[in-house]
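Have a look at my_file36.txt below; it lists compact mmCIF, C-alpha atoms.
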```txt
# COMPACT_ATOMS: atom_id res chain seq x y z
CA MET A 1 -0.40 -8.05 4.57
CA SER A 2 0.32 -8.54 0.92
CA ASP A 3 0.03 -4.82 0.17
CA GLN A 4 2.22 -3.94 3.13
CA LEU A 5 4.77 -6.45 1.91
CA SER A 6 4.74 -4.82 -1.53
CA VAL A 7 5.48 -1.42 0.04
CA THR A 8 8.26 -2.96 2.14
CA PHE A 9 9.79 -4.81 -0.81
CA ALA A 10 9.55 -1.68 -2.99
CA ALA A 11 11.42 0.31 -0.33
CA LEU A 12 14.03 -2.45 -0.16
CA ALA A 13 14.51 -2.42 -3.93
CA ASP A 14 17.14 0.32 -3.80
CA PRO A 15 20.79 -0.46 -2.91
CA THR A 16 21.33 2.86 -1.07
CA ARG A 17 18.29 2.22 1.11
CA ARG A 18 19.49 -1.30 1.86
CA ALA A 19 22.89 0.08 2.83
CA ILE A 20 21.15 2.60 5.12
CA LEU A 21 19.23 -0.26 6.78
CA ALA A 22 22.41 -2.29 7.16
CA ARG A 23 24.02 0.75 8.87
CA LEU A 24 21.00 1.21 11.16
CA ALA A 25 21.11 -2.49 12.07
CA ALA A 26 24.33 -1.55 13.92
CA GLY A 27 22.56 1.20 15.89
CA GLU A 28 20.88 4.62 15.71
CA ALA A 29 22.36 7.29 13.47
CA SER A 30 21.67 10.90 12.54
CA VAL A 31 20.83 11.98 9.00
CA THR A 32 24.29 13.57 8.68
CA GLU A 33 25.95 10.33 9.79
CA LEU A 34 23.89 8.35 7.29
CA ALA A 35 24.77 10.71 4.44
CA LYS A 36 28.52 10.45 5.05
CA PRO A 37 29.36 7.02 3.51
CA PHE A 38 27.29 7.75 0.41
CA ASP A 39 28.02 10.43 -2.09
CA LEU A 40 24.72 12.06 -1.29
CA SER A 41 23.44 15.47 -0.31
CA LEU A 42 21.39 15.78 2.85
CA PRO A 43 18.17 16.26 0.84
CA GLY A 44 19.15 13.15 -1.18
CA VAL A 45 19.47 11.05 1.96
CA SER A 46 16.28 12.56 3.37
CA LYS A 47 14.38 11.38 0.30
CA HIS A 48 15.53 7.79 0.88
CA LEU A 49 14.74 8.06 4.58
CA LYS A 50 11.20 9.21 3.77
CA VAL A 51 10.62 6.11 1.61
CA LEU A 52 11.94 3.88 4.39
CA GLN A 53 9.78 5.71 6.93
CA ARG A 54 6.64 5.33 4.82
CA ALA A 55 7.37 1.61 4.53
CA GLY A 56 7.63 1.46 8.33
CA LEU A 57 11.19 0.20 8.10
CA ILE A 58 12.66 3.08 10.13
CA THR A 59 11.46 5.74 12.54
CA GLN A 60 12.99 9.10 13.26
CA SER A 61 12.94 10.36 16.82
CA ARG A 62 11.43 13.81 17.37
CA ASN A 63 12.73 14.16 20.88
CA ALA A 64 16.48 14.42 20.71
CA GLN A 65 18.15 17.46 19.12
CA TRP A 66 19.99 15.26 16.56
CA ARG A 67 16.81 13.37 15.58
CA PRO A 68 18.34 9.90 15.27
CA CYS A 69 16.96 7.31 12.83
CA ARG A 70 16.23 3.85 14.11
CA LEU A 71 15.62 0.52 12.36
CA GLU A 72 12.13 -0.90 12.89
CA ALA A 73 13.01 -4.58 12.90
CA ARG A 74 9.39 -5.75 12.97
CA ARG A 75 8.57 -4.67 9.43
CA LEU A 76 11.81 -6.05 8.09
CA LYS A 77 11.06 -9.24 9.95
CA GLU A 78 7.74 -9.55 8.13
CA ALA A 79 9.64 -9.50 4.86
CA ALA A 80 12.14 -11.99 6.29
CA ASP A 81 9.29 -14.22 7.48
CA TRP A 82 7.88 -14.26 3.99
CA VAL A 83 11.20 -15.33 2.52
CA GLY A 84 11.52 -17.83 5.39
CA GLU A 85 8.16 -19.46 4.66
CA TYR A 86 8.95 -19.91 1.00
CA ARG A 87 12.31 -21.30 1.94
CA ARG A 88 10.83 -23.66 4.53
CA PHE A 89 8.41 -25.12 1.98
CA TRP A 90 11.21 -25.91 -0.44
CA ASP A 91 13.86 -26.89 2.11
CA GLU A 92 11.52 -29.49 3.53
CA SER A 93 10.56 -30.71 0.04
CA PHE A 94 14.21 -30.99 -0.98
CA GLU A 95 15.12 -32.92 2.17
CA ARG A 96 12.34 -35.39 1.45
CA LEU A 97 13.46 -35.61 -2.17
CA ASP A 98 16.95 -36.55 -0.94
CA VAL A 99 15.43 -39.55 0.85
CA VAL A 100 13.34 -40.58 -2.20
CA LEU A 101 16.46 -40.42 -4.39
CA GLN A 102 18.54 -42.45 -1.93
CA ASP A 103 15.83 -45.15 -1.90
CA LEU A 104 15.70 -45.17 -5.70
CA MET A 105 19.45 -45.60 -5.91
CA LYS A 106 19.44 -48.46 -3.41
CA GLU A 107 16.66 -50.11 -5.40
CA MET A 108 18.61 -49.78 -8.63
CA GLU A 109 21.73 -51.12 -6.99
CA SER A 110 19.97 -54.23 -5.72
CA VAL A 111 18.33 -54.82 -9.13
CA GLU A 112 21.78 -54.48 -10.69
CA ASN A 113 23.27 -56.93 -8.16
CA ASP A 114 20.51 -59.46 -8.79
CA ARG A 115 21.10 -59.17 -12.52
CA ARG A 116 24.84 -59.75 -12.07
CA LYS A 117 24.15 -62.75 -9.85
CA ASP A 118 21.78 -64.20 -12.46
CA ASP A 119 24.33 -63.60 -15.22
CA GLY A 120 27.04 -65.30 -13.15
CA GLU A 121 24.92 -68.36 -12.48
CA GLY A 122 23.53 -68.62 -16.01
CA MET B 1 22.91 -32.13 3.88
CA GLU B 2 22.95 -29.92 0.80
CA LYS B 3 21.88 -26.35 1.32
CA ALA B 4 19.54 -24.68 -1.13
CA GLU B 5 20.27 -21.16 -2.29
CA TYR B 6 17.38 -18.79 -2.74
CA LYS B 7 17.42 -15.64 -4.76
CA VAL B 8 14.56 -13.37 -3.75
CA GLU B 9 15.29 -9.87 -4.90
CA PRO B 10 13.17 -6.96 -3.71
CA GLY B 11 10.87 -5.44 -6.31
CA LYS B 12 11.12 -8.34 -8.75
CA GLN B 13 8.38 -10.75 -9.77
CA GLU B 14 10.57 -13.84 -9.78
CA LEU B 15 12.25 -16.29 -7.43
CA THR B 16 15.06 -18.75 -7.97
CA ALA B 17 16.02 -21.75 -5.86
CA THR B 18 19.19 -23.74 -6.60
CA ARG B 19 20.01 -27.05 -4.94
CA MET B 20 22.44 -29.95 -5.48
CA PHE B 21 21.24 -33.56 -5.28
CA ASP B 22 23.42 -36.55 -4.71
CA ALA B 23 21.85 -38.58 -7.52
CA PRO B 24 22.10 -38.77 -11.30
CA ARG B 25 19.94 -36.44 -13.35
CA GLU B 26 17.72 -39.22 -14.72
CA LEU B 27 16.67 -40.14 -11.19
CA VAL B 28 15.93 -36.57 -10.17
CA PHE B 29 13.87 -36.17 -13.33
CA LYS B 30 12.01 -39.36 -12.45
CA ALA B 31 11.25 -38.05 -8.95
CA PHE B 32 9.74 -34.93 -10.54
CA THR B 33 7.65 -36.71 -13.15
CA ASP B 34 6.52 -40.00 -11.57
CA PRO B 35 3.36 -39.15 -9.57
CA LYS B 36 4.03 -41.83 -6.94
CA LEU B 37 7.48 -40.44 -6.29
CA PHE B 38 6.43 -36.79 -6.50
CA ALA B 39 3.77 -37.41 -3.84
CA GLN B 40 6.49 -38.62 -1.47
CA TRP B 41 8.47 -35.41 -1.33
CA TRP B 42 6.60 -32.31 -2.50
CA GLY B 43 5.59 -29.86 0.24
CA PRO B 44 5.84 -29.84 4.02
CA ARG B 45 5.88 -33.18 5.85
CA ARG B 46 2.64 -32.56 7.72
CA TYR B 47 0.67 -32.77 4.47
CA THR B 48 -0.22 -35.89 2.53
CA ASN B 49 -0.25 -35.36 -1.22
CA VAL B 50 -3.22 -36.69 -3.13
CA MET B 51 -2.30 -36.82 -6.82
CA GLU B 52 -5.58 -36.20 -8.60
CA LYS B 53 -4.03 -35.59 -12.02
CA PHE B 54 -0.43 -35.69 -13.10
CA ASP B 55 -0.08 -35.76 -16.85
CA VAL B 56 3.55 -34.96 -17.52
CA ARG B 57 3.32 -34.17 -21.22
CA PRO B 58 3.18 -30.80 -22.95
CA GLY B 59 -0.44 -29.69 -22.47
CA GLY B 60 -1.03 -32.23 -19.71
CA MET B 61 -2.82 -31.08 -16.57
CA TRP B 62 -1.77 -31.68 -12.98
CA ARG B 63 -3.70 -31.26 -9.74
CA VAL B 64 -2.39 -32.09 -6.28
CA VAL B 65 -4.35 -31.78 -3.03
CA GLN B 66 -2.33 -31.42 0.15
CA LYS B 67 -4.24 -32.82 3.13
CA GLY B 68 -3.12 -31.70 6.57
CA GLU B 69 -3.21 -33.69 9.79
CA ASP B 70 -6.00 -31.47 11.15
CA GLY B 71 -8.17 -31.88 8.06
CA ASP B 72 -7.15 -28.74 6.21
CA GLU B 73 -6.84 -29.10 2.44
CA HIS B 74 -4.94 -27.05 -0.10
CA ALA B 75 -5.26 -27.75 -3.80
CA PHE B 76 -2.74 -26.76 -6.45
CA ARG B 77 -3.02 -27.18 -10.19
CA GLY B 78 -1.53 -26.25 -13.51
CA VAL B 79 -0.51 -27.39 -16.96
CA HIS B 80 2.77 -28.87 -18.13
CA HIS B 81 4.03 -26.85 -21.07
CA ASP B 82 7.44 -28.23 -21.94
CA VAL B 83 8.87 -31.52 -20.73
CA VAL B 84 12.29 -32.55 -21.99
CA ALA B 85 13.70 -35.66 -20.28
CA PRO B 86 15.89 -35.53 -18.29
CA GLU B 87 16.63 -31.83 -18.25
CA ARG B 88 13.65 -29.49 -18.23
CA ILE B 89 10.07 -29.15 -16.99
CA VAL B 90 8.07 -26.00 -17.66
CA ALA B 91 4.67 -25.79 -15.97
CA THR B 92 2.13 -23.33 -14.67
CA PHE B 93 1.23 -23.38 -10.98
CA GLU B 94 -1.85 -22.01 -9.28
CA TYR B 95 -3.11 -22.24 -5.70
CA GLU B 96 -6.85 -22.82 -5.88
CA GLY B 97 -7.36 -20.80 -2.71
CA VAL B 98 -6.29 -17.71 -4.67
CA PRO B 99 -7.47 -18.49 -8.20
CA GLY B 100 -6.14 -16.46 -11.10
CA ASN B 101 -2.68 -15.90 -9.62
CA VAL B 102 -0.79 -18.17 -11.98
CA LEU B 103 2.94 -18.53 -11.93
CA LEU B 104 5.21 -20.07 -14.52
CA GLN B 105 7.93 -22.34 -13.25
CA THR B 106 10.91 -23.75 -15.08
CA MET B 107 12.79 -26.63 -13.48
CA THR B 108 16.20 -27.15 -15.02
CA LEU B 109 18.33 -30.18 -14.16
CA GLU B 110 22.04 -30.00 -14.86
CA ALA B 111 24.18 -33.16 -14.75
CA MET B 112 27.29 -32.66 -12.58
CA GLY B 113 28.95 -36.06 -12.92
CA ALA B 114 26.93 -38.43 -10.74
CA ARG B 115 25.22 -35.47 -9.09
CA THR B 116 22.54 -33.06 -10.25
CA ARG B 117 21.98 -29.37 -9.86
CA LEU B 118 18.37 -28.21 -9.83
CA VAL B 119 17.51 -24.64 -10.72
CA ALA B 120 13.87 -23.83 -9.98
CA HIS B 121 12.82 -20.52 -11.48
CA GLN B 122 9.37 -19.07 -10.82
CA VAL B 123 7.91 -16.03 -12.51
CA PHE B 124 4.77 -14.41 -11.06
CA GLN B 125 2.30 -12.11 -12.79
CA SER B 126 3.32 -9.20 -10.60
CA VAL B 127 5.60 -8.29 -7.71
CA GLY B 128 2.50 -8.20 -5.48
CA ASP B 129 1.58 -11.75 -6.50
CA ARG B 130 5.03 -12.97 -5.60
CA ASP B 131 5.03 -11.20 -2.28
CA GLY B 132 1.52 -12.42 -1.47
CA MET B 133 1.87 -16.05 -2.46
CA VAL B 134 3.14 -17.53 0.74
CA GLY B 135 0.47 -15.85 2.82
CA SER B 136 -1.99 -18.29 1.26
CA GLY B 137 -1.27 -21.98 0.87
CA MET B 138 2.35 -22.14 1.83
CA LYS B 139 2.20 -20.42 5.18
CA GLU B 140 3.64 -22.65 7.84
CA GLY B 141 3.04 -20.57 10.96
CA ALA B 142 5.17 -17.72 12.17
CA ASP B 143 8.48 -18.45 13.75
CA GLU B 144 9.75 -15.75 16.06
CA SER B 145 13.38 -16.34 15.23
CA TYR B 146 15.37 -13.26 14.35
CA GLU B 147 17.92 -15.39 12.53
CA ARG B 148 15.97 -14.93 9.36
CA LEU B 149 16.32 -11.19 9.71
CA ASP B 150 20.08 -11.67 9.51
CA ASP B 151 19.58 -13.96 6.53
CA LEU B 152 17.47 -11.34 4.80
CA LEU B 153 20.07 -8.65 5.39
CA ASP B 154 22.72 -11.01 4.00
CA GLU B 155 20.56 -11.69 0.97
CA LEU B 156 19.97 -8.00 0.44
CA LYS B 157 23.70 -7.39 0.66
CA ALA B 158 24.42 -10.27 -1.71
CA GLY B 159 21.89 -8.82 -4.14
CA ASP B 160 24.02 -5.68 -4.48
CA LYS B 161 26.99 -7.55 -5.93
```

So that I can check it, write out the structure of this file as structure tokens.
Amino acid sequence: MSDQLSVTFAALADPTRRAILARLAAGEASVTELAKPFDLSLPGVSKHLKVLQRAGLITQSRNAQWRPCRLEARRLKEAADWVGEYRRFWDESFERLDVVLQDLMKEMESVENDRRKDDGEG
Amino acid sequence: MEKAEYKVEPGKQELTATRMFDAPRELVFKAFTDPKLFAQWWGPRRYTNVMEKFDVRPGGMWRVVQKGEDGDEHAFRGVHHDVVAPERIVATFEYEGVPGNVLLQTMTLEAMGARTRLVAHQVFQSVGDRDGMVGSGMKEGADESYERLDDLLDELKAGDK
């Protein structure tokens, strides 16, 4: 799992590859279509696609003439799950910390009020 | 409710979380350094924190055991390296289930009037360590939601800026 994640994250480390994934999130596309928005040659795009393929992030169909590329959401989801778990740990901690801080402030306020009351009476 | 921002960039061995708190910096610092208070908030709700050691001085050790409702236990430990009230805590962090994978975390508290901004920065020994960490002690069960996929894509896009 950890090794697979490293491969996935390494493949995601390049902005062009992330842009390709973002494009594929909108639907299948051919290699030519994917090359268009980037200033890349077809072999250049193919190189990126190979990295994404090895990481299991995309697949390329062998059936159709135009060999469309498709996003493999499952592998990307594993990476998203990882980020989500880290986030969940801290989000929950931070929410609890909010409550602790509110209690502390109330405590301080009441101590302050008592002190004022004492001062007033004394 | 304040929303935390997480910066998790692909291929890097670090993580950053940023979060605002509606309390003065001295109080937030206290919640991070007083073991009784720390035990009340750190980690998921379903765990009870047992504070075995919590010496918040440079060189002071800390060890916290998280006990789950179904009897599972996860121990974490480290050493405080730099503690500057009320603004900075530098400590190492290690999950005993995967010994040897030590990360260095720097908690920085910035006063924003009566509020406080926390920046939690964690540096791992390698990208693989970072990417493997949650699979151990912090795993909270898989959620099948695809929302996080959108979040990840957003984060990846944001990382390009």

Surrounding residues of segment 14-22 of chain B excluding itself and chain neighbours under 6 positions, 8 Å, only C-alpha atoms, as a JSON list (two decimals) with C-alpha atoms, in the frame of the given file:
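Once everything was written out, this is part29.json:
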```
[["chain", "number", "residue", "atom", "x", "y", "z"],
["A", 98, "ASP", "CA", 16.95, -36.55, -0.94],
["A", 101, "LEU", "CA", 16.46, -40.42, -4.39],
["B", 2, "GLU", "CA", 22.95, -29.92, 0.80],
["B", 3, "LYS", "CA", 21.88, -26.35, 1.32],
["B", 4, "ALA", "CA", 19.54, -24.68, -1.13],
["B", 5, "GLU", "CA", 20.27, -21.16, -2.29],
["B", 6, "TYR", "CA", 17.38, -18.79, -2.74],
["B", 7, "LYS", "CA", 17.42, -15.64, -4.76],
["B", 8, "VAL", "CA", 14.56, -13.37, -3.75],
["B", 28, "VAL", "CA", 15.93, -36.57, -10.17],
["B", 114, "ALA", "CA", 26.93, -38.43, -10.74],
["B", 115, "ARG", "CA", 25.22, -35.47, -9.09],
["B", 116, "THR", "CA", 22.54, -33.06, -10.25],
["B", 117, "ARG", "CA", 21.98, -29.37, -9.86],
["B", 118, "LEU", "CA", 18.37, -28.21, -9.83],
["B", 119, "VAL", "CA", 17.51, -24.64, -10.72],
["B", 120, "ALA", "CA", 13.87, -23.83, -9.98],
["B", 121, "HIS", "CA", 12.82, -20.52, -11.48],
["B", 122, "GLN", "CA", 9.37, -19.07, -10.82],
["B", 123, "VAL", "CA", 7.91, -16.03, -12.51],
["B", 124, "PHE", "CA", 4.77, -14.41, -11.06],
["B", 127, "VAL", "CA", 5.60, -8.29, -7.71],
["B", 130, "ARG", "CA", 5.03, -12.97, -5.60]]
```

Enclosing box along x, y and z for every listed atom of segment 63-74 of chain A, padded 6 Å each side, centre and size in Å, one decimal, as AutoDock Vina command-line options:
```
--center_x 14.7 --center_y 5.9 --center_z 16.6 --size_x 22.6 --size_y 35.2 --size_z 20.5
```

Atom CA of Asp114 of chain A to atom CA of Val99 of chain A: how many Å, to one decimal?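 Spanning atom CA of Asp114 of chain A to atom CA of Val99 of chain A is a straight-line distance of 22.7 Å.
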
Can you work out the spacing between atom CA of Ala23 of chain B and atom CA of Asp118 of chain A in Å, to one decimal?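 Going from atom CA of Ala23 of chain B over to atom CA of Asp118 of chain A covers 26.1 Å.
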
Using all atoms listed in the file, determine which residues lie at most 6 Å from segment 86-96 of chain A, disregarding the query and same-chain residues fewer than 5 positions distant; provide the list as an mmCIF file with C-alpha atoms, in the frame of the given file.
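Dumped to around_10.cif:
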```cif
data_model
loop_
_atom_site.group_PDB
_atom_site.id
_atom_site.type_symbol
_atom_site.label_atom_id
_atom_site.label_comp_id
_atom_site.auth_asym_id
_atom_site.auth_seq_id
_atom_site.Cartn_x
_atom_site.Cartn_y
_atom_site.Cartn_z
ATOM 1 C CA TRP B 41 8.470 -35.410 -1.330
ATOM 2 C CA TRP B 42 6.600 -32.310 -2.500
ATOM 3 C CA GLY B 43 5.590 -29.860 0.240
ATOM 4 C CA PRO B 44 5.840 -29.840 4.020
#
```

Expected answer as a PyMOL selection string: chain A residues within 10 Å of chain B, all atoms listed in the file: chain A and resi 1-16+18-19+21-22+25+73-74+76-102+104-105

Do you have the atom CA of Thr33 of chain B-atom CA of Val111 of chain A distance handy?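 Answer for the atom CA of Thr33 of chain B to atom CA of Val111 of chain A separation: 21.4 Å.
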
Counting all atoms listed in the file, which residue out of B:Gln125, B:Arg46, B:Gly60, B:Arg25 sits closest to Thr108 of chain B? B:Arg25

In the coordinate frame of the file, compute which residues have an atom within 10 Å of (-1.5, -28.0, -18.7) when using all atoms listed in the file, and state them as number ranges by chain. B: 54-63, 77-82, 90-93

Which residue is closest to Gln105 of chain B? Choose from B:Ile89, B:Lys36, B:Gly68, B:Val50 and count only C-alpha atoms.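 Of B:Ile89, B:Lys36, B:Gly68, B:Val50, the one nearest Gln105 of chain B is B:Ile89, counting only C-alpha atoms.
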
Near Cys69 of chain A, within 7 Å and counting only C-alpha atoms, which residues show up once chain neighbours fewer than 4 positions away are dropped, as an MDAnalysis selection string? chainID A and resid 28:30 58:61

Expected residue set, 12 Å radius at (24.5, 13.0, 11.2), only C-alpha atoms, as a compact mmCIF listing (two decimals) with C-alpha atoms, in the frame of the given file:
```
# COMPACT_ATOMS: atom_id res chain seq x y z
CA GLU A 28 20.88 4.62 15.71
CA ALA A 29 22.36 7.29 13.47
CA SER A 30 21.67 10.90 12.54
CA VAL A 31 20.83 11.98 9.00
CA THR A 32 24.29 13.57 8.68
CA GLU A 33 25.95 10.33 9.79
CA LEU A 34 23.89 8.35 7.29
CA ALA A 35 24.77 10.71 4.44
CA LYS A 36 28.52 10.45 5.05
CA PRO A 37 29.36 7.02 3.51
CA SER A 41 23.44 15.47 -0.31
CA LEU A 42 21.39 15.78 2.85
CA VAL A 45 19.47 11.05 1.96
CA SER A 46 16.28 12.56 3.37
CA GLN A 65 18.15 17.46 19.12
CA TRP A 66 19.99 15.26 16.56
CA ARG A 67 16.81 13.37 15.58
CA PRO A 68 18.34 9.90 15.27
CA CYS A 69 16.96 7.31 12.83
```

Give the answer as one residue: which of A:Gly27, A:Arg17, A:Lys106, A:Arg116 has the shortest atom-to-atom distance to Lys50 of chain A, using all atoms listed in the file? A:Arg17
